[in-house]
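Asker: Following this line is structure-v7.cif, made up of mmCIF, C-alpha atoms:
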data_query
#
loop_
_atom_site.label_atom_id
_atom_site.label_comp_id
_atom_site.auth_asym_id
_atom_site.auth_seq_id
_atom_site.Cartn_x
_atom_site.Cartn_y
_atom_site.Cartn_z
CA MET A 1 54.18 0.83 21.57
CA ASP A 2 50.65 -0.44 21.60
CA SER A 3 48.84 -2.67 19.12
CA THR A 4 47.62 0.24 17.05
CA GLN A 5 51.12 1.62 16.63
CA ARG A 6 52.57 -1.78 15.90
CA LEU A 7 49.97 -2.53 13.28
CA SER A 8 50.48 0.85 11.74
CA ALA A 9 54.21 0.29 11.52
CA VAL A 10 53.88 -3.21 10.10
CA ILE A 11 51.44 -2.19 7.44
CA GLU A 12 53.50 0.82 6.45
CA GLN A 13 56.74 -1.09 6.20
CA HIS A 14 55.38 -4.13 4.41
CA GLU A 15 52.48 -2.71 2.42
CA ALA A 16 53.55 -4.16 -0.93
CA SER A 17 54.08 -7.70 0.31
CA LEU A 18 50.94 -7.58 2.43
CA LEU A 19 48.95 -6.57 -0.62
CA GLU A 20 50.48 -9.38 -2.65
CA GLY A 21 49.89 -11.93 0.09
CA TRP A 22 46.31 -10.76 0.51
CA LEU A 23 45.50 -10.96 -3.19
CA ALA A 24 46.80 -14.51 -3.19
CA ALA A 25 44.67 -15.38 -0.17
CA GLN A 26 41.62 -13.81 -1.85
CA GLU A 27 42.25 -15.80 -5.00
CA ALA A 28 42.53 -18.98 -2.97
CA HIS A 29 39.32 -18.33 -1.10
CA LEU A 30 37.21 -16.82 -3.87
CA PRO A 31 38.74 -17.17 -7.36
CA ILE A 32 38.17 -14.35 -9.81
CA ARG A 33 34.94 -14.95 -11.69
CA PRO A 34 34.44 -14.26 -15.38
CA GLY A 35 33.40 -10.63 -15.64
CA GLU A 36 35.50 -9.63 -12.67
CA ARG A 37 38.86 -8.07 -13.35
CA VAL A 38 42.07 -8.63 -11.37
CA ALA A 39 42.89 -4.94 -11.59
CA GLU A 40 39.62 -4.09 -9.85
CA ARG A 41 40.39 -6.34 -6.94
CA LYS A 42 43.87 -4.93 -6.68
CA THR A 43 42.65 -1.34 -6.68
CA ALA A 44 39.99 -2.09 -4.12
CA SER A 45 42.42 -3.92 -1.86
CA ALA A 46 45.02 -1.18 -2.10
CA ALA A 47 42.38 1.42 -1.27
CA PHE A 48 41.39 -0.63 1.74
CA LEU A 49 44.94 -0.81 3.02
CA HIS A 50 45.31 2.91 2.56
CA ALA A 51 42.14 3.64 4.50
CA LEU A 52 43.18 1.16 7.18
CA ARG A 53 46.51 2.89 7.56
CA SER A 54 44.97 6.35 7.78
CA GLY A 55 42.79 5.15 10.64
CA LEU A 56 45.71 3.52 12.47
CA VAL A 57 47.91 6.56 12.05
CA GLN A 58 45.31 8.65 13.83
CA ASN A 59 45.37 6.20 16.71
CA SER A 60 41.76 5.22 16.26
CA PRO A 61 40.54 2.60 18.73
CA LEU A 62 40.75 -0.89 17.30
CA ASP A 63 37.47 -1.95 18.86
CA ASP A 64 35.26 0.91 17.75
CA LEU A 65 34.68 1.47 14.05
CA ARG A 66 32.45 4.42 14.80
CA HIS A 67 35.43 6.53 15.76
CA GLU A 68 36.08 9.49 13.50
CA GLY A 69 39.47 8.24 12.40
CA TRP A 70 37.79 5.29 10.72
CA SER A 71 35.41 7.31 8.57
CA PRO A 72 37.36 6.94 5.30
CA LEU A 73 37.43 3.21 5.94
CA ARG A 74 33.71 3.11 6.77
CA ALA A 75 32.89 5.14 3.67
CA LEU A 76 34.84 2.67 1.53
CA LEU A 77 33.14 -0.36 3.07
CA THR A 78 29.68 1.23 2.88
CA GLU A 79 30.11 1.95 -0.81
CA LEU A 80 31.25 -1.61 -1.38
CA SER A 81 28.26 -3.06 0.52
CA GLN A 82 25.72 -0.89 -1.19
CA ASP A 83 27.11 -1.84 -4.60
CA SER A 84 26.80 -5.50 -3.62
CA ALA A 85 23.23 -4.96 -2.42
CA ARG A 86 22.23 -3.11 -5.55
CA GLU A 87 23.72 -5.71 -7.84
CA GLY A 88 22.32 -8.60 -5.88
CA ARG A 89 25.78 -9.95 -5.01
CA SER A 90 26.25 -11.65 -1.68
CA ALA A 91 27.70 -9.54 1.10
CA VAL A 92 29.00 -12.66 2.76
CA ASP A 93 31.50 -13.11 -0.06
CA ALA A 94 32.56 -9.48 0.18
CA ALA A 95 32.95 -9.72 3.94
CA GLN A 96 34.97 -12.90 3.71
CA LEU A 97 37.39 -11.39 1.23
CA TYR A 98 38.22 -8.79 3.84
CA LEU A 99 38.52 -11.37 6.53
CA THR A 100 41.20 -13.16 4.48
CA PHE A 101 43.44 -10.14 5.05
CA LEU A 102 44.06 -11.62 8.45
CA ARG A 103 46.16 -14.35 6.89
CA PRO A 104 49.02 -12.32 5.38
CA LEU A 105 48.73 -9.89 8.30
CA SER A 106 49.23 -12.56 10.93
CA GLU A 107 52.18 -14.03 9.05
CA GLN A 108 53.79 -10.59 8.91
CA LEU A 109 53.09 -9.93 12.56
CA LEU A 110 54.76 -13.21 13.45
CA ALA A 111 57.82 -12.15 11.52
CA SER A 112 57.93 -8.57 12.81
CA CYS A 113 56.81 -8.67 16.41
CA ALA A 114 58.67 -9.61 19.52
CA ARG A 115 57.46 -12.89 21.04
CA GLU A 116 55.41 -11.44 23.86
CA GLU A 117 53.87 -8.78 21.58
CA PHE A 118 52.68 -11.15 18.87
CA LEU A 119 49.55 -12.60 20.43
CA PRO A 120 48.10 -9.37 21.89
CA THR A 121 48.67 -7.56 18.62
CA LEU A 122 47.17 -10.42 16.63
CA TRP A 123 44.16 -10.50 18.94
CA ASP A 124 43.55 -6.75 18.54
CA ALA A 125 44.03 -6.98 14.79
CA THR A 126 41.53 -9.83 14.66
CA ARG A 127 38.89 -7.84 16.50
CA LEU A 128 39.35 -4.97 14.09
CA ILE A 129 39.03 -7.19 11.02
CA GLU A 130 35.96 -8.88 12.49
CA SER A 131 34.19 -5.58 13.11
CA ILE A 132 35.00 -4.67 9.52
CA GLY A 133 33.29 -7.88 8.39
CA LEU A 134 30.26 -7.13 10.58
CA HIS A 135 30.05 -3.59 9.30
CA ILE A 136 29.98 -4.83 5.72
CA THR A 137 27.13 -7.22 6.40
CA SER A 138 25.07 -4.74 8.40
CA VAL A 139 25.30 -2.03 5.76
CA TYR A 140 24.38 -4.62 3.17
CA GLN A 141 21.36 -5.66 5.21
CA ARG A 142 20.13 -2.12 5.52
CA ALA A 143 20.58 -1.47 1.80
CA ARG A 144 18.58 -4.62 0.97
CA ASP A 145 15.84 -3.57 3.37
CA ASP A 146 15.62 -0.18 1.65
CA ILE A 147 15.33 -1.85 -1.74
CA ILE A 148 12.62 -4.18 -0.52
CA ARG A 149 10.66 -1.32 1.00
CA ARG A 150 10.89 0.69 -2.18
CA GLN A 151 9.73 -2.27 -4.27
CA GLN A 152 6.83 -2.87 -1.93
CA GLN A 153 5.74 0.71 -2.37
CA GLU A 154 5.98 0.42 -6.13
CA MET A 155 3.98 -2.78 -6.15
CA LEU A 156 1.35 -1.14 -4.01
CA GLU A 157 1.02 1.70 -6.47
CA LEU A 158 1.03 -0.45 -9.59
CA SER A 159 -1.24 -3.18 -8.47
CA THR A 160 -4.56 -1.46 -7.87
CA PRO A 161 -5.71 -0.03 -11.19
CA VAL A 162 -9.34 0.99 -11.59
CA ILE A 163 -10.55 0.19 -15.08
CA LYS A 164 -13.65 1.42 -16.84
CA VAL A 165 -15.15 -1.57 -18.64
CA TRP A 166 -18.33 0.12 -19.80
CA ASP A 167 -20.31 3.29 -19.26
CA GLY A 168 -21.02 3.42 -15.59
CA ILE A 169 -19.18 0.17 -14.84
CA LEU A 170 -15.74 0.03 -13.26
CA ALA A 171 -13.58 -3.03 -12.65
CA LEU A 172 -10.96 -3.36 -9.94
CA PRO A 173 -8.77 -6.46 -10.32
CA ILE A 174 -6.85 -6.99 -7.10
CA ILE A 175 -3.61 -8.95 -7.30
CA GLY A 176 -1.92 -10.03 -4.09
CA THR A 177 -2.73 -9.84 -0.41
CA LEU A 178 -5.22 -7.26 0.78
CA ASP A 179 -3.94 -5.76 4.03
CA SER A 180 -5.22 -2.63 5.73
CA ALA A 181 -2.74 -0.30 4.05
CA ARG A 182 -3.72 -1.61 0.66
CA THR A 183 -7.43 -1.49 1.42
CA GLN A 184 -7.07 2.19 2.20
CA THR A 185 -5.41 2.81 -1.16
CA VAL A 186 -7.90 0.63 -3.03
CA MET A 187 -10.86 2.30 -1.36
CA GLU A 188 -9.63 5.85 -1.99
CA ASN A 189 -8.77 5.08 -5.62
CA LEU A 190 -12.07 3.41 -6.32
CA LEU A 191 -14.24 6.07 -4.69
CA GLN A 192 -12.36 8.82 -6.48
CA ARG A 193 -12.90 7.13 -9.82
CA VAL A 194 -16.55 6.53 -9.04
CA VAL A 195 -17.02 10.27 -8.65
CA GLU A 196 -14.86 11.16 -11.65
CA THR A 197 -16.52 8.76 -14.06
CA GLY A 198 -20.03 8.87 -12.59
CA SER A 199 -20.03 5.08 -12.47
CA ASP A 200 -22.46 3.46 -10.14
CA ILE A 201 -21.30 -0.13 -10.42
CA ALA A 202 -17.85 -1.36 -9.38
CA ILE A 203 -16.72 -4.95 -9.91
CA ILE A 204 -14.05 -5.95 -7.39
CA ASP A 205 -12.32 -9.04 -8.71
CA ILE A 206 -10.38 -11.10 -6.20
CA THR A 207 -9.14 -13.89 -8.48
CA GLY A 208 -5.61 -12.69 -7.75
CA VAL A 209 -6.01 -12.58 -3.98
CA PRO A 210 -4.35 -15.74 -2.62
CA THR A 211 -6.18 -16.09 0.66
CA VAL A 212 -9.18 -14.43 2.14
CA ASP A 213 -9.46 -14.46 5.91
CA THR A 214 -11.79 -12.65 8.27
CA LEU A 215 -9.67 -9.51 8.15
CA THR A 216 -9.51 -9.44 4.35
CA ALA A 217 -13.26 -9.95 4.17
CA GLN A 218 -13.73 -7.03 6.58
CA HIS A 219 -11.55 -4.87 4.35
CA LEU A 220 -13.61 -5.81 1.32
CA LEU A 221 -16.84 -5.10 3.16
CA LYS A 222 -15.54 -1.66 4.14
CA THR A 223 -14.94 -0.84 0.52
CA VAL A 224 -18.34 -2.14 -0.51
CA THR A 225 -20.08 -0.15 2.24
CA ALA A 226 -18.26 3.06 1.39
CA THR A 227 -19.23 2.68 -2.25
CA ARG A 228 -22.81 2.07 -1.27
CA LEU A 229 -22.88 5.16 0.92
CA MET A 230 -21.91 7.20 -2.10
CA GLY A 231 -24.71 5.77 -4.16
CA GLY A 232 -22.74 3.11 -6.00
CA GLU A 233 -22.91 -0.65 -5.88
CA CYS A 234 -20.20 -3.28 -5.70
CA ILE A 235 -20.07 -6.77 -7.09
CA ILE A 236 -17.34 -9.05 -5.79
CA SER A 237 -16.17 -11.51 -8.40
CA GLY A 238 -13.48 -14.13 -8.74
CA ILE A 239 -14.48 -16.11 -5.68
CA ARG A 240 -12.74 -19.44 -6.01
CA PRO A 241 -14.24 -22.61 -4.50
CA GLN A 242 -11.55 -22.72 -1.77
CA ILE A 243 -12.30 -19.14 -0.83
CA ALA A 244 -16.03 -19.84 -0.69
CA GLN A 245 -15.29 -22.74 1.66
CA THR A 246 -12.95 -20.68 3.84
CA LEU A 247 -15.43 -17.84 4.16
CA VAL A 248 -18.25 -20.12 5.25
CA GLN A 249 -16.01 -22.06 7.63
CA LEU A 250 -14.80 -18.82 9.22
CA GLY A 251 -18.39 -17.73 9.61
CA VAL A 252 -17.80 -14.60 7.57
CA ASP A 253 -21.06 -12.97 6.61
CA LEU A 254 -20.88 -11.04 3.38
CA GLY A 255 -24.42 -9.85 4.04
CA ASP A 256 -26.27 -8.97 0.91
CA VAL A 257 -23.17 -8.12 -1.13
CA LEU A 258 -23.54 -9.33 -4.69
CA THR A 259 -20.98 -11.94 -5.67
CA ARG A 260 -20.10 -13.89 -8.77
CA SER A 261 -17.46 -16.55 -9.33
CA THR A 262 -16.10 -14.93 -12.51
CA LEU A 263 -15.50 -11.42 -13.80
CA ALA A 264 -17.56 -12.33 -16.87
CA GLY A 265 -20.47 -13.24 -14.67
CA ALA A 266 -20.10 -10.01 -12.74
CA LEU A 267 -20.01 -8.01 -15.96
CA ALA A 268 -23.21 -9.68 -17.19
CA LEU A 269 -24.87 -8.83 -13.87
CA ALA A 270 -23.63 -5.24 -13.99
CA LEU A 271 -24.93 -4.79 -17.52
CA SER A 272 -28.33 -6.17 -16.61
CA ARG A 273 -28.54 -3.81 -13.66
CA ARG A 274 -27.98 -0.96 -16.06
CA ARG A 275 -30.70 -2.39 -18.25
CA LEU A 276 -28.19 -3.32 -20.94
CA THR A 277 -27.61 -6.56 -22.76
CA ILE A 278 -25.15 -7.92 -25.28
CA ALA A 279 -26.86 -9.23 -28.38
CA PRO A 280 -25.60 -10.56 -31.74
CA VAL A 281 -25.65 -8.11 -34.65
CA GLU A 282 -28.53 -9.05 -36.96
CA GLY A 283 -27.64 -10.90 -40.13
CA ALA A 284 -23.92 -11.05 -39.31
CA GLN A 285 -21.56 -13.98 -40.01
CA GLU A 286 -19.87 -15.88 -37.18
CA SER A 287 -17.05 -13.33 -37.00
CA VAL A 288 -15.80 -10.35 -38.93
CA PRO A 289 -13.32 -11.58 -41.61
CA ARG A 290 -9.73 -10.44 -41.10
CA GLU A 291 -8.48 -7.81 -43.46
CA ASP A 292 -5.43 -9.69 -44.59
CA ALA A 293 -7.27 -12.88 -45.51
CA HIS A 294 -6.47 -13.64 -49.12
CA MET B 1 -30.73 33.08 7.94
CA ASP B 2 -29.53 30.21 10.00
CA ARG B 3 -31.61 27.37 8.71
CA ILE B 4 -31.27 24.71 6.05
CA PRO B 5 -33.69 25.52 3.21
CA ILE B 6 -36.20 22.84 2.20
CA LEU B 7 -37.34 23.14 -1.41
CA ARG B 8 -40.42 21.61 -3.00
CA MET B 9 -40.12 19.82 -6.35
CA GLY B 10 -43.19 18.05 -7.64
CA GLY B 11 -44.29 15.73 -4.90
CA PHE B 12 -40.80 15.64 -3.45
CA LEU B 13 -38.62 17.71 -1.13
CA LEU B 14 -35.06 18.75 -1.82
CA VAL B 15 -32.67 19.61 0.98
CA THR B 16 -29.15 20.84 0.23
CA ILE B 17 -26.76 20.84 3.11
CA GLN B 18 -24.38 23.58 2.05
CA VAL B 19 -22.05 23.98 4.96
CA ASP B 20 -20.70 21.79 7.66
CA VAL B 21 -23.65 21.81 10.02
CA HIS B 22 -23.21 22.35 13.68
CA ASP B 23 -25.23 20.40 16.19
CA GLN B 24 -27.96 22.99 16.71
CA LEU B 25 -28.79 23.08 13.05
CA ALA B 26 -28.67 19.32 12.76
CA ASN B 27 -31.09 19.01 15.66
CA ARG B 28 -33.67 21.23 14.00
CA LEU B 29 -33.58 19.52 10.62
CA PRO B 30 -35.53 16.33 11.46
CA GLU B 31 -38.21 18.45 13.10
CA GLU B 32 -38.55 20.86 10.21
CA LEU B 33 -38.35 18.17 7.60
CA THR B 34 -41.03 15.95 9.11
CA ALA B 35 -43.29 18.98 9.55
CA THR B 36 -42.83 19.90 5.90
CA ILE B 37 -43.42 16.31 4.73
CA ALA B 38 -46.72 16.25 6.59
CA GLU B 39 -47.70 19.74 5.38
CA THR B 40 -46.95 19.08 1.71
CA ASP B 41 -47.83 15.39 1.61
CA ALA B 42 -44.40 14.78 0.08
CA ARG B 43 -43.67 11.26 -1.17
CA GLY B 44 -39.91 11.55 -1.02
CA VAL B 45 -36.97 13.57 0.26
CA LEU B 46 -33.69 14.15 -1.57
CA ILE B 47 -30.83 15.18 0.71
CA GLU B 48 -27.87 16.59 -1.20
CA ILE B 49 -24.59 16.57 0.70
CA SER B 50 -21.85 17.17 -1.88
CA SER B 51 -20.73 20.30 0.00
CA LEU B 52 -20.39 18.42 3.24
CA GLU B 53 -16.66 17.93 3.86
CA MET B 54 -16.79 16.49 7.31
CA VAL B 55 -19.15 14.22 9.13
CA ASP B 56 -19.13 12.69 12.53
CA SER B 57 -21.20 9.97 14.14
CA PHE B 58 -23.73 12.59 15.24
CA ILE B 59 -24.50 13.71 11.70
CA GLY B 60 -24.60 10.08 10.66
CA ARG B 61 -27.23 9.39 13.29
CA VAL B 62 -29.26 12.44 12.31
CA LEU B 63 -29.34 11.31 8.67
CA GLY B 64 -30.37 7.82 9.67
CA ASN B 65 -33.11 9.19 11.93
CA ILE B 66 -34.47 11.41 9.18
CA ALA B 67 -34.81 8.38 6.90
CA GLU B 68 -36.69 6.43 9.54
CA MET B 69 -39.00 9.30 10.45
CA SER B 70 -39.77 9.96 6.80
CA LYS B 71 -40.55 6.30 6.21
CA LEU B 72 -43.10 6.44 9.01
CA LEU B 73 -44.67 9.33 7.15
CA SER B 74 -44.69 7.28 3.90
CA ALA B 75 -41.88 9.26 2.31
CA ARG B 76 -38.62 7.81 1.02
CA THR B 77 -35.22 9.37 1.61
CA VAL B 78 -32.39 9.37 -0.88
CA LEU B 79 -28.98 10.72 0.05
CA VAL B 80 -26.93 12.02 -2.87
CA GLY B 81 -23.49 13.42 -3.59
CA MET B 82 -21.54 11.97 -0.70
CA THR B 83 -17.83 12.65 -1.18
CA PRO B 84 -15.25 9.84 -0.97
CA ALA B 85 -13.70 11.40 2.13
CA VAL B 86 -17.03 11.45 3.96
CA ALA B 87 -17.86 7.90 2.86
CA ILE B 88 -14.53 6.62 4.17
CA THR B 89 -14.99 8.49 7.46
CA LEU B 90 -18.43 7.00 8.00
CA VAL B 91 -17.19 3.50 7.23
CA GLU B 92 -14.27 3.91 9.64
CA LEU B 93 -16.76 5.06 12.28
CA GLY B 94 -18.77 1.92 11.61
CA ILE B 95 -21.73 3.84 10.28
CA SER B 96 -23.41 2.25 7.28
CA LEU B 97 -26.76 4.09 7.29
CA PRO B 98 -28.83 0.98 6.76
CA GLY B 99 -32.21 2.65 6.31
CA VAL B 100 -31.05 5.13 3.71
CA HIS B 101 -31.09 4.90 -0.09
CA THR B 102 -28.15 6.55 -1.79
CA ALA B 103 -27.38 7.79 -5.29
CA LEU B 104 -24.39 9.34 -7.00
CA ASP B 105 -26.01 12.63 -7.99
CA VAL B 106 -29.26 14.59 -8.02
CA ASP B 107 -30.36 13.23 -11.43
CA ARG B 108 -30.00 9.63 -10.34
CA GLY B 109 -31.43 10.47 -6.93
CA MET B 110 -34.60 11.90 -8.45
CA ALA B 111 -34.89 8.94 -10.81
CA MET B 112 -34.58 6.63 -7.82
CA LEU B 113 -37.22 8.55 -5.87
CA ARG B 114 -39.65 8.37 -8.78
CA GLU B 115 -39.04 4.67 -9.22
CA LEU B 116 -39.49 4.00 -5.51
CA ASP B 117 -42.62 6.08 -5.58
CA SER B 118 -44.13 4.10 -8.43
CA GLU B 119 -43.20 0.86 -6.67
CA ASP B 120 -45.00 2.10 -3.58
CA ALA B 121 -48.05 2.93 -5.67
CA ARG B 122 -48.01 -0.59 -7.14
CA PHE B 123 -47.50 -2.48 -3.93
CA GLY B 124 -49.36 -0.11 -1.69
CA GLU B 125 -46.66 0.13 0.96
CA VAL B 126 -43.22 1.54 1.45
CA ALA B 127 -40.87 -1.22 0.28
CA PRO B 128 -37.90 -1.94 2.57
CA ALA B 129 -34.73 0.09 2.07
CA PRO B 130 -31.43 -1.75 1.52
CA ALA B 131 -29.85 -3.20 4.63
CA GLY B 132 -26.44 -1.82 5.75
#
I need this file expressed as structure tokens, please.

Answerer:
Amino acid sequence: MDSTQRLSAVIEQHEASLLEGWLAAQEAHLPIRPGERVAERKTASAAFLHALRSGLVQNSPLDDLRHEGWSPLRALLTELSQDSAREGRSAVDAAQLYLTFLRPLSEQLLASCAREEFLPTLWDATRLIESIGLHITSVYQRARDDIIRRQQQEMLELSTPVIKVWDGILALPIIGTLDSARTQTVMENLLQRVVETGSDIAIIDITGVPTVDTLTAQHLLKTVTATRLMGGECIISGIRPQIAQTLVQLGVDLGDVLTRSTLAGALALALSRRRLTIAPVEGAQESVPREDAH
Amino acid sequence: MDRIPILRMGGFLLVTIQVDVHDQLANRLPEELTATIAETDARGVLIEISSLEMVDSFIGRVLGNIAEMSKLLSARTVLVGMTPAVAITLVELGISLPGVHTALDVDRGMAMLRELDSEDARFGEVAPAPAG
């Protein structure tokens, strides 16, 4: 009999008491939280034991979870990890709950195995339980990475709106870092809208851009140049004092690109370039009275 | 007929580049254009490129050269109708066409040409085009 067969036999013969012992160990390590139900833990643990047994019965290698015989077990663990990732729960906790199985298992092995068989079997069982723990955390990691990537994509799409502020004047408030991927999106969006709306002035506001380095400045300049080539004109607004300092210190030359420190200033400039001005209505009061003023 | 037509409009010339030009055609254009500017005493050239889907650095250079040659002949050049795709390509190629005025469409291009022309008449010389 080898370790696999011994483990299989032990688990089969003592399933009920192993389950009970394991639930107790879980409770001791990670007490049930409000919102979690005991029945859920019990069902999950029983399902785990079942999957473990099915793998052992097929003589799956104890040191390779990728073996076919372990696929029901892997499927169970993957589902568990992905649920944790989706719900923002820690995979470490989940992994550790499974590691606590080693406690009732080792006690049972001590009781059931012959003296010289105990340690080798325990060692093999430990390696199996450890790879289960590692599998849980690696699946979790991958699920989190997928979520992050998806959120990044969404942010990219949401965060570069092109807004028409007046006839012939577009505004592009940029929030967040401007990397090359984003510049491409920003540039394509803006140029497309320039054509669609027939606007010849675009205000690129960088109030929401945390830092501007040489690369960011180059990206901005690319956008400005492309707009100019099409017959439009860009004004860069929202240049904070720190950014002005950084740009000069880095020796970045914005050439003859028009800049303003505020969007309001840029709008005033854009209007004047279109030969427009904002003037008070003649003979009006300070402000239009509200309709519900009684 | 395998040439790019050059139309006369008031004291200006209008060139529409309809298809993606191959090198031979592009080579002849500066020659024909400058000849026509001299012949007609044109004060400005409008080059319409909204049908141009692809450009390379060669076309970019040709356009830049045309602008410089025309300036020497006291005519301004305005490029109109560049598509976003072409603009992005030129920028990626590092081409900014510094000597060339640009406008969104023919209407604005003509308005720009007339304004530049009246500026020239006032100041008596061809005012500098925007830097790249």

Asker: I'd like to see the residues matched by the PyMOL selection byres ((chain A) within 9 of (chain B)) on this file, and ideally I'd get them as a list in words.

Answerer: Gln184, Met187, Glu188, Leu190, Leu191, Gln192, Val194, Val195, Gly198, Ser199, Asp200, Lys222, Thr223, Thr225, Ala226, Thr227, Arg228, Leu229, Met230, Gly231, Gly232, Gly255 and Asp256 of chain A

Asker: Atoms to include: C-alpha atoms. Write the selected residues as a JSON list (two decimals), in the frame of the given file.

Answerer:
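Below you can see again.json, which holds the result:
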[["chain", "number", "residue", "atom", "x", "y", "z"],
["A", 184, "GLN", "CA", -7.07, 2.19, 2.20],
["A", 187, "MET", "CA", -10.86, 2.30, -1.36],
["A", 188, "GLU", "CA", -9.63, 5.85, -1.99],
["A", 190, "LEU", "CA", -12.07, 3.41, -6.32],
["A", 191, "LEU", "CA", -14.24, 6.07, -4.69],
["A", 192, "GLN", "CA", -12.36, 8.82, -6.48],
["A", 194, "VAL", "CA", -16.55, 6.53, -9.04],
["A", 195, "VAL", "CA", -17.02, 10.27, -8.65],
["A", 198, "GLY", "CA", -20.03, 8.87, -12.59],
["A", 199, "SER", "CA", -20.03, 5.08, -12.47],
["A", 200, "ASP", "CA", -22.46, 3.46, -10.14],
["A", 222, "LYS", "CA", -15.54, -1.66, 4.14],
["A", 223, "THR", "CA", -14.94, -0.84, 0.52],
["A", 225, "THR", "CA", -20.08, -0.15, 2.24],
["A", 226, "ALA", "CA", -18.26, 3.06, 1.39],
["A", 227, "THR", "CA", -19.23, 2.68, -2.25],
["A", 228, "ARG", "CA", -22.81, 2.07, -1.27],
["A", 229, "LEU", "CA", -22.88, 5.16, 0.92],
["A", 230, "MET", "CA", -21.91, 7.20, -2.10],
["A", 231, "GLY", "CA", -24.71, 5.77, -4.16],
["A", 232, "GLY", "CA", -22.74, 3.11, -6.00],
["A", 255, "GLY", "CA", -24.42, -9.85, 4.04],
["A", 256, "ASP", "CA", -26.27, -8.97, 0.91]]

Asker: For Ala85 of chain A, which of A:Ser180, A:Thr100, A:Thr137, A:Thr246 is the closest residue, counting only C-alpha atoms?

Answerer: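 Closest candidate: A:Thr137.
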
Asker: I'd like to know which of A:Leu271, A:Ala279, A:Ala91, A:Val209 is closest to Val139 of chain A, using only C-alpha atoms.

Answerer: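 Smallest separation from Val139 of chain A among the options: A:Ala91.
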
Asker: Expressed in Å to a single decimal, how great is the separation between atom CA of Phe12 of chain B and atom CA of Arg274 of chain A?

Answerer: 24.5 Å

Asker: Quote the spacing between atom CA of Pro61 of chain A and atom CA of Phe118 of chain A in Å to one decimal place.

Answerer: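 Distance reported for this atom pair: 18.3 Å.
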
Asker: Let me make sure I understand: among A:Pro72, A:Ile11, A:Pro104, A:Thr216, which one has the smallest atom-to-atom distance to Leu23 of chain A if we use all atoms listed in the file?

Answerer: A:Pro104

Asker: Would you mind listing what lies within 7 Å of Ser51 of chain B as a PDB file with C-alpha atoms, in the frame of the given file, with all atoms listed in the file counted and same-chain residues fewer than 5 positions away left out?

Answerer:
ATOM      1  CA  ILE B  17     -26.760  20.840   3.110  1.00  0.00           C
ATOM      2  CA  GLN B  18     -24.380  23.580   2.050  1.00  0.00           C
ATOM      3  CA  VAL B  19     -22.050  23.980   4.960  1.00  0.00           C
TER       4      VAL B  19
END

Asker: Please measure the separation of atom CA of Thr262 of chain A and atom CA of Glu154 of chain A, giving the value in Å to one decimal.

Answerer: 27.6 Å

Asker: What residues come out when you apply the PyMOL selection byres ((chain B and resi 59-69) around 7) to this file, written as a PyMOL selection string?

Answerer: chain B and resi 26+30+55-58+70-73+77+95+97+99-100

Asker: Quick one: residues within 10 Å of Val57 of chain A, all atoms listed in the file counted, chain neighbours fewer than 5 positions away excluded, as a ChimeraX atom specification?

Answerer: /A:4-5,7-9,12,51-52,69

Asker: Can you write out the residues you just picked, keeping C-alpha atoms, as an mmCIF file, in the frame of the given file?

Answerer:
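Dumped to out16.cif:
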data_model
loop_
_atom_site.group_PDB
_atom_site.id
_atom_site.type_symbol
_atom_site.label_atom_id
_atom_site.label_comp_id
_atom_site.auth_asym_id
_atom_site.auth_seq_id
_atom_site.Cartn_x
_atom_site.Cartn_y
_atom_site.Cartn_z
ATOM 1 C CA THR A 4 47.620 0.240 17.050
ATOM 2 C CA GLN A 5 51.120 1.620 16.630
ATOM 3 C CA LEU A 7 49.970 -2.530 13.280
ATOM 4 C CA SER A 8 50.480 0.850 11.740
ATOM 5 C CA ALA A 9 54.210 0.290 11.520
ATOM 6 C CA GLU A 12 53.500 0.820 6.450
ATOM 7 C CA ALA A 51 42.140 3.640 4.500
ATOM 8 C CA LEU A 52 43.180 1.160 7.180
ATOM 9 C CA GLY A 69 39.470 8.240 12.400
#

Asker: Evaluate the PyMOL selection byres ((chain A and resi 142) around 12) against this structure - the residues, as a ChimeraX atom specification, please.

Answerer: /A:78,81-82,84-86,91,135-141,143-149

Asker: Looking at all atoms listed in the file, which of A:Phe48, A:Arg103, A:Asp124, A:Arg41 is the one that sits closest to Leu62 of chain A?

Answerer: A:Asp124

Asker: Would you mind listing what lies within 12 Å of Val186 of chain A as number ranges by chain, with all atoms listed in the file counted and same-chain residues fewer than 5 positions away left out?

Answerer: A: 156-162, 171-175, 177-181, 191-193, 202, 204, 219-220, 222-224, 226-227; B: 84, 88

Asker: Excluding same-chain residues fewer than 3 positions from Val252 of chain A, what lies within 8 Å of it counting all atoms listed in the file, as a PyMOL selection string?

Answerer: chain A and resi 214+217+247-249

Asker: Counting all atoms listed in the file, which of B:Glu119, B:Glu53, B:Glu31, B:Glu48 gets nearest to Val106 of chain B?

Answerer: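 Looking at the shortest contact to Val106 of chain B, the residue is B:Glu48.
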
Asker: Calculated over only C-alpha atoms, which of the candidates A:Leu276, A:Arg89, A:Lys42, A:Leu221 has the smallest distance to Leu254 of chain A?

Answerer: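 Between A:Leu276, A:Arg89, A:Lys42, A:Leu221, the residue approaching Leu254 of chain A most closely is A:Leu221.
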